[in-house]
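File shown: upload_18.txt (compact mmCIF, C-alpha atoms).
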# COMPACT_ATOMS: atom_id res chain seq x y z
CA MET V 1 12.62 25.91 46.18
CA ALA V 2 11.51 23.93 43.12
CA THR V 3 8.00 24.46 41.85
CA GLN V 4 5.93 21.79 40.18
CA SER V 5 4.60 22.35 36.68
CA PRO V 6 0.80 22.59 36.48
CA PHE V 7 0.97 20.09 33.60
CA SER V 8 2.69 17.44 35.71
CA LEU V 9 0.15 18.09 38.46
CA ALA V 10 -2.68 17.66 35.92
CA ALA V 11 -1.06 14.47 34.61
CA GLY V 12 -0.92 13.04 38.12
CA LEU V 13 -4.55 13.92 38.81
CA LEU V 14 -5.69 12.46 35.47
CA GLY V 15 -3.75 9.27 36.16
CA GLN V 16 -5.33 8.87 39.59
CA LEU V 17 -8.77 9.77 38.32
CA GLY V 18 -8.56 7.34 35.40
CA SER V 19 -7.42 4.44 37.55
CA GLY V 20 -9.93 4.93 40.36
CA LEU V 21 -13.20 5.69 38.62
CA GLN V 22 -15.34 3.34 36.60
CA PRO V 23 -18.54 4.63 35.02
CA PRO V 24 -21.73 2.65 35.65
CA ALA V 25 -22.42 -0.24 33.26
CA TRP V 26 -25.55 1.44 31.81
CA LEU V 27 -23.48 4.51 30.86
CA VAL V 28 -20.78 2.40 29.21
CA ASP V 29 -23.44 0.50 27.22
CA GLU V 30 -25.11 3.72 26.13
CA LEU V 31 -21.82 5.32 25.07
CA GLN V 32 -20.88 2.21 23.09
CA GLN V 33 -24.26 2.25 21.30
CA ARG V 34 -23.88 5.95 20.46
CA LEU V 35 -20.36 5.39 19.15
CA VAL V 36 -21.61 2.53 16.95
CA LEU V 37 -24.33 4.81 15.55
CA LEU V 38 -21.73 7.48 14.70
CA LEU V 39 -19.34 4.95 13.14
CA ASN V 40 -22.14 3.43 11.07
CA HIS V 41 -23.19 6.90 9.89
CA VAL V 42 -19.64 7.48 8.64
CA LEU V 43 -19.41 3.97 7.14
CA MET V 44 -22.67 4.43 5.19
CA GLN V 45 -21.11 7.39 3.38
CA GLU V 46 -18.29 5.19 2.02
CA PRO V 47 -19.42 2.10 0.04
CA GLN V 48 -15.84 0.78 -0.25
CA ALA V 49 -15.54 0.72 3.55
CA GLN V 50 -18.79 -1.23 3.84
CA ALA V 51 -17.56 -3.68 1.19
CA ARG V 52 -14.42 -4.30 3.24
CA LEU V 53 -16.48 -4.97 6.36
CA VAL V 54 -18.90 -7.31 4.54
CA ARG V 55 -15.94 -9.66 3.96
CA HIS V 56 -15.58 -9.90 7.75
CA LYS V 57 -19.25 -10.36 8.73
CA GLY V 58 -19.54 -12.00 12.12
CA ARG V 59 -15.89 -11.27 12.98
CA SER V 60 -15.21 -9.28 16.14
CA VAL V 61 -12.79 -6.52 17.09
CA ARG V 62 -12.13 -5.42 20.64
CA MET V 63 -10.37 -2.12 21.26
CA GLN V 64 -9.11 -1.53 24.77
CA TRP V 65 -7.22 1.00 26.83
CA ARG V 66 -6.57 0.45 30.49
CA GLY V 67 -9.97 -0.66 31.90
CA PHE V 68 -12.06 0.57 28.96
CA THR V 69 -13.12 -1.74 26.13
CA LEU V 70 -15.09 -1.31 22.90
CA PRO V 71 -16.22 -4.67 21.49
CA PHE V 72 -17.50 -4.53 17.90
CA VAL V 73 -18.73 -7.13 15.44
CA ALA V 74 -19.10 -6.68 11.66
CA THR V 75 -22.66 -7.13 10.40
CA PRO V 76 -23.70 -8.71 7.05
CA ALA V 77 -24.56 -5.18 5.84
CA GLY V 78 -20.96 -4.01 6.26
CA LEU V 79 -21.70 -1.99 9.37
CA LEU V 80 -20.82 -2.43 13.06
CA ASP V 81 -22.70 -3.58 16.12
CA VAL V 82 -21.70 -3.83 19.75
CA GLN V 83 -20.60 -7.39 20.50
CA ALA V 84 -22.51 -8.92 23.38
CA GLY V 85 -20.72 -11.17 25.82
CA THR V 86 -17.07 -11.56 26.57
CA SER V 87 -16.00 -14.13 23.99
CA LYS V 88 -12.48 -13.97 22.58
CA PRO V 89 -12.32 -11.41 19.74
CA ASP V 90 -10.90 -12.19 16.30
CA LEU V 91 -8.80 -9.01 16.60
CA LEU V 92 -7.63 -7.36 19.80
CA LEU V 93 -6.28 -3.79 19.60
CA THR V 94 -4.72 -2.53 22.83
CA VAL V 95 -3.56 1.07 23.21
CA THR V 96 -0.22 0.68 25.00
CA GLU V 97 0.11 4.23 26.35
CA GLU V 98 -0.97 4.15 29.99
CA SER V 99 -0.80 7.87 30.73
CA PRO V 100 -4.03 9.73 29.87
CA LEU V 101 -2.12 13.01 29.41
CA ALA V 102 0.44 11.46 27.06
CA LEU V 103 -2.37 9.78 25.11
CA VAL V 104 -4.23 13.08 24.72
CA GLN V 105 -1.00 14.82 23.68
CA THR V 106 -0.35 12.14 21.05
CA VAL V 107 -3.85 12.36 19.57
CA LEU V 108 -4.05 16.16 19.66
CA GLY V 109 -0.58 16.28 18.12
CA GLY V 110 -2.03 14.56 15.05
CA GLU V 111 -0.30 11.22 15.72
CA ARG V 112 -1.66 7.75 16.33
CA PRO V 113 -1.09 6.20 19.73
CA ALA V 114 0.95 3.01 19.89
CA VAL V 115 -1.30 -0.04 19.59
CA ARG V 116 -0.54 -3.72 20.20
CA VAL V 117 -2.30 -5.87 17.59
CA GLU V 118 -3.24 -9.50 18.28
CA GLY V 119 -5.29 -11.73 16.01
CA ASP V 120 -6.42 -11.92 12.41
CA VAL V 121 -3.95 -10.18 10.07
CA GLN V 122 -6.42 -9.50 7.21
CA LEU V 123 -8.99 -8.05 9.60
CA ALA V 124 -6.25 -5.87 11.12
CA ALA V 125 -5.24 -4.65 7.65
CA ASP V 126 -8.84 -3.72 6.81
CA VAL V 127 -9.33 -1.96 10.16
CA ASN V 128 -6.12 -0.02 9.47
CA TRP V 129 -7.48 0.91 6.03
CA LEU V 130 -10.69 2.18 7.65
CA VAL V 131 -8.71 4.29 10.13
CA ASP V 132 -6.62 5.75 7.29
CA HIS V 133 -9.44 6.47 4.84
CA LEU V 134 -12.68 7.15 6.71
CA ARG V 135 -13.41 10.73 7.67
CA TRP V 136 -16.57 12.22 9.09
CA ASP V 137 -17.70 15.17 6.97
CA ILE V 138 -19.23 16.98 9.91
CA GLU V 139 -19.56 20.17 7.88
CA GLU V 140 -21.87 18.40 5.42
CA ASP V 141 -24.01 16.97 8.22
CA LEU V 142 -24.13 20.33 9.98
CA SER V 143 -25.14 22.10 6.75
CA ARG V 144 -28.28 19.93 6.59
CA VAL V 145 -29.33 21.35 9.96
CA ILE V 146 -28.23 25.01 9.92
CA GLY V 147 -27.45 25.72 6.27
CA ASP V 148 -24.29 25.88 4.18
CA ALA V 149 -22.85 29.28 5.16
CA PRO V 150 -23.19 28.92 8.95
CA ALA V 151 -21.90 25.33 8.78
CA HIS V 152 -18.88 26.46 6.77
CA ALA V 153 -18.16 29.27 9.24
CA LEU V 154 -18.42 26.92 12.25
CA ALA V 155 -16.25 24.30 10.57
CA ARG V 156 -13.60 26.90 9.70
CA ALA V 157 -13.57 28.18 13.29
CA ALA V 158 -13.28 24.60 14.60
CA ARG V 159 -10.40 23.84 12.20
CA ASP V 160 -8.60 27.02 13.29
CA ALA V 161 -9.08 26.13 16.97
CA ALA V 162 -7.90 22.55 16.38
CA GLN V 163 -4.84 23.79 14.52
CA ALA V 164 -3.98 26.20 17.35
CA LEU V 165 -4.45 23.42 19.91
CA GLN V 166 -2.22 21.07 17.90
CA GLN V 167 0.50 23.73 17.69
CA PHE V 168 0.27 24.27 21.44
CA VAL V 169 0.43 20.54 22.18
CA ARG V 170 3.38 20.01 19.83
CA GLY V 171 5.24 22.73 21.73
CA ARG V 172 4.73 21.00 25.12
CA PRO V 173 7.30 18.43 26.16
CA ARG V 174 5.94 14.92 26.67
CA PRO V 175 6.34 13.29 30.05
CA PRO V 176 9.17 10.72 30.06
CA ALA V 177 7.96 7.12 29.80
CA ASP V 178 9.51 6.19 33.16
CA LYS V 179 7.90 9.16 34.94
CA ALA V 180 4.44 8.97 33.32
CA PRO V 181 1.67 8.70 35.91
CA ALA V 182 0.05 5.30 36.22
Target encoding structure tokens, full file:
Amino acid sequence: MATQSPFSLAAGLLGQLGSGLQPPAWLVDELQQRLVLLLNHVLMQEPQAQARLVRHKGRSVRMQWRGFTLPFVATPAGLLDVQAGTSKPDLLLTVTEESPLALVQTVLGGERPAVRVEGDVQLAADVNWLVDHLRWDIEEDLSRVIGDAPAHALARAARDAAQALQQFVRGRPRPPADKAPA
């Protein structure tokens, strides 16, 4: 008698859950606003990133995966805002991996998921630069709240846990593309 792996069972459940549930519109709006606040916080710590975005003021980027979308527009200050409406974006970035489990494995493995890029080439190049060069210094932000030593200890513990999780994920086989849950 063959037994089913708990990971394939989890992948099936995640696939069904992701395709059948849609959060309420107010929650999606609130999460988008919070994400914009976080991204702007990180952008404000890097003047070169803001200078790149200033060149694209008024241009829009829509990131999407399955039924989830994040529509952004560059502001004149070199920051981001949530784009209102459903107009055609200047740049459309679509994550092509359909399986939530495979997507999580890719990200936790330290890799970028496959993305289909449609639209403005220069805007795409600058977005790619931002992805490559922007990093949130969470330890610095945390040290402002709880002090340097506790922030350093928490950050070290988080890095160790993330490294252990990445090693675990890299050791797990990925589901085949033809058998990935929809």
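The coordinates place atom CA of V:Glu118 at 6.6 Å from atom CA of V:Leu93.
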Rank V:Ala157, V:Glu140, V:Gly147, V:Gly109 by their smallest atom-to-atom distance to V:Gly171, using all atoms listed in the file, and report the top residue only.
-> V:Gly109
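Remark: for V:Asp137, the closest of the candidate residues V:Ala155, V:Ala125, V:Ala25, V:Val107 is V:Ala155 (distances computed over all atoms listed in the file).
Considering all atoms listed in the file, the residue among V:His133, V:Arg34, V:Arg59, V:His41 positioned nearest to V:Asp120 is V:Arg59.
Going from atom CA of V:Thr96 to atom CA of V:Val61 covers 16.5 Å.
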Rebuild stretch 86-106 of chain V so that it carries N, CA and C atoms, then output the result as a PDB file, in the frame of the given file.
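See selection-v9.pdb below for the written result:
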ATOM      1  N   THR V  86     -18.495 -11.785  26.385  1.00  0.00           N
ATOM      2  CA  THR V  86     -17.070 -11.560  26.570  1.00  0.00           C
ATOM      3  C   THR V  86     -16.228 -12.598  25.842  1.00  0.00           C
ATOM      4  N   SER V  87     -16.740 -13.112  24.737  1.00  0.00           N
ATOM      5  CA  SER V  87     -16.000 -14.130  23.990  1.00  0.00           C
ATOM      6  C   SER V  87     -14.706 -13.528  23.427  1.00  0.00           C
ATOM      7  N   LYS V  88     -13.774 -14.411  23.091  1.00  0.00           N
ATOM      8  CA  LYS V  88     -12.480 -13.970  22.580  1.00  0.00           C
ATOM      9  C   LYS V  88     -12.675 -13.314  21.210  1.00  0.00           C
ATOM     10  N   PRO V  89     -12.145 -12.094  21.029  1.00  0.00           N
ATOM     11  CA  PRO V  89     -12.320 -11.410  19.740  1.00  0.00           C
ATOM     12  C   PRO V  89     -11.387 -11.989  18.679  1.00  0.00           C
ATOM     13  N   ASP V  90     -11.759 -11.779  17.408  1.00  0.00           N
ATOM     14  CA  ASP V  90     -10.900 -12.190  16.300  1.00  0.00           C
ATOM     15  C   ASP V  90      -9.698 -11.255  16.187  1.00  0.00           C
ATOM     16  N   LEU V  91      -9.871 -10.007  16.632  1.00  0.00           N
ATOM     17  CA  LEU V  91      -8.800  -9.010  16.600  1.00  0.00           C
ATOM     18  C   LEU V  91      -8.848  -8.202  17.876  1.00  0.00           C
ATOM     19  N   LEU V  92      -7.728  -8.132  18.570  1.00  0.00           N
ATOM     20  CA  LEU V  92      -7.630  -7.360  19.800  1.00  0.00           C
ATOM     21  C   LEU V  92      -6.643  -6.225  19.576  1.00  0.00           C
ATOM     22  N   LEU V  93      -7.113  -4.985  19.749  1.00  0.00           N
ATOM     23  CA  LEU V  93      -6.280  -3.790  19.600  1.00  0.00           C
ATOM     24  C   LEU V  93      -6.161  -3.134  20.970  1.00  0.00           C
ATOM     25  N   THR V  94      -4.952  -3.078  21.496  1.00  0.00           N
ATOM     26  CA  THR V  94      -4.720  -2.530  22.830  1.00  0.00           C
ATOM     27  C   THR V  94      -3.840  -1.296  22.722  1.00  0.00           C
ATOM     28  N   VAL V  95      -4.357  -0.154  23.168  1.00  0.00           N
ATOM     29  CA  VAL V  95      -3.560   1.070  23.210  1.00  0.00           C
ATOM     30  C   VAL V  95      -2.546   0.874  24.344  1.00  0.00           C
ATOM     31  N   THR V  96      -1.265   1.000  24.028  1.00  0.00           N
ATOM     32  CA  THR V  96      -0.220   0.680  25.000  1.00  0.00           C
ATOM     33  C   THR V  96       0.150   1.858  25.896  1.00  0.00           C
ATOM     34  N   GLU V  97      -0.206   3.062  25.526  1.00  0.00           N
ATOM     35  CA  GLU V  97       0.110   4.230  26.350  1.00  0.00           C
ATOM     36  C   GLU V  97      -0.795   4.234  27.576  1.00  0.00           C
ATOM     37  N   GLU V  98      -0.202   4.186  28.750  1.00  0.00           N
ATOM     38  CA  GLU V  98      -0.970   4.150  29.990  1.00  0.00           C
ATOM     39  C   GLU V  98      -1.367   5.530  30.490  1.00  0.00           C
ATOM     40  N   SER V  99      -0.559   6.527  30.218  1.00  0.00           N
ATOM     41  CA  SER V  99      -0.800   7.870  30.730  1.00  0.00           C
ATOM     42  C   SER V  99      -1.905   8.572  29.935  1.00  0.00           C
ATOM     43  N   PRO V 100      -2.984   9.009  30.591  1.00  0.00           N
ATOM     44  CA  PRO V 100      -4.030   9.730  29.870  1.00  0.00           C
ATOM     45  C   PRO V 100      -3.514  11.027  29.234  1.00  0.00           C
ATOM     46  N   LEU V 101      -2.646  11.750  29.942  1.00  0.00           N
ATOM     47  CA  LEU V 101      -2.120  13.010  29.410  1.00  0.00           C
ATOM     48  C   LEU V 101      -1.267  12.761  28.168  1.00  0.00           C
ATOM     49  N   ALA V 102      -0.394  11.772  28.221  1.00  0.00           N
ATOM     50  CA  ALA V 102       0.440  11.460  27.060  1.00  0.00           C
ATOM     51  C   ALA V 102      -0.415  10.993  25.887  1.00  0.00           C
ATOM     52  N   LEU V 103      -1.474  10.248  26.169  1.00  0.00           N
ATOM     53  CA  LEU V 103      -2.370   9.780  25.110  1.00  0.00           C
ATOM     54  C   LEU V 103      -3.074  10.969  24.450  1.00  0.00           C
ATOM     55  N   VAL V 104      -3.571  11.895  25.258  1.00  0.00           N
ATOM     56  CA  VAL V 104      -4.230  13.080  24.720  1.00  0.00           C
ATOM     57  C   VAL V 104      -3.227  13.919  23.908  1.00  0.00           C
ATOM     58  N   GLN V 105      -2.006  14.070  24.413  1.00  0.00           N
ATOM     59  CA  GLN V 105      -1.000  14.820  23.680  1.00  0.00           C
ATOM     60  C   GLN V 105      -0.703  14.174  22.331  1.00  0.00           C
ATOM     61  N   THR V 106      -0.621  12.854  22.298  1.00  0.00           N
ATOM     62  CA  THR V 106      -0.350  12.140  21.050  1.00  0.00           C
ATOM     63  C   THR V 106      -1.465  12.383  20.044  1.00  0.00           C
TER      64      THR V 106
END
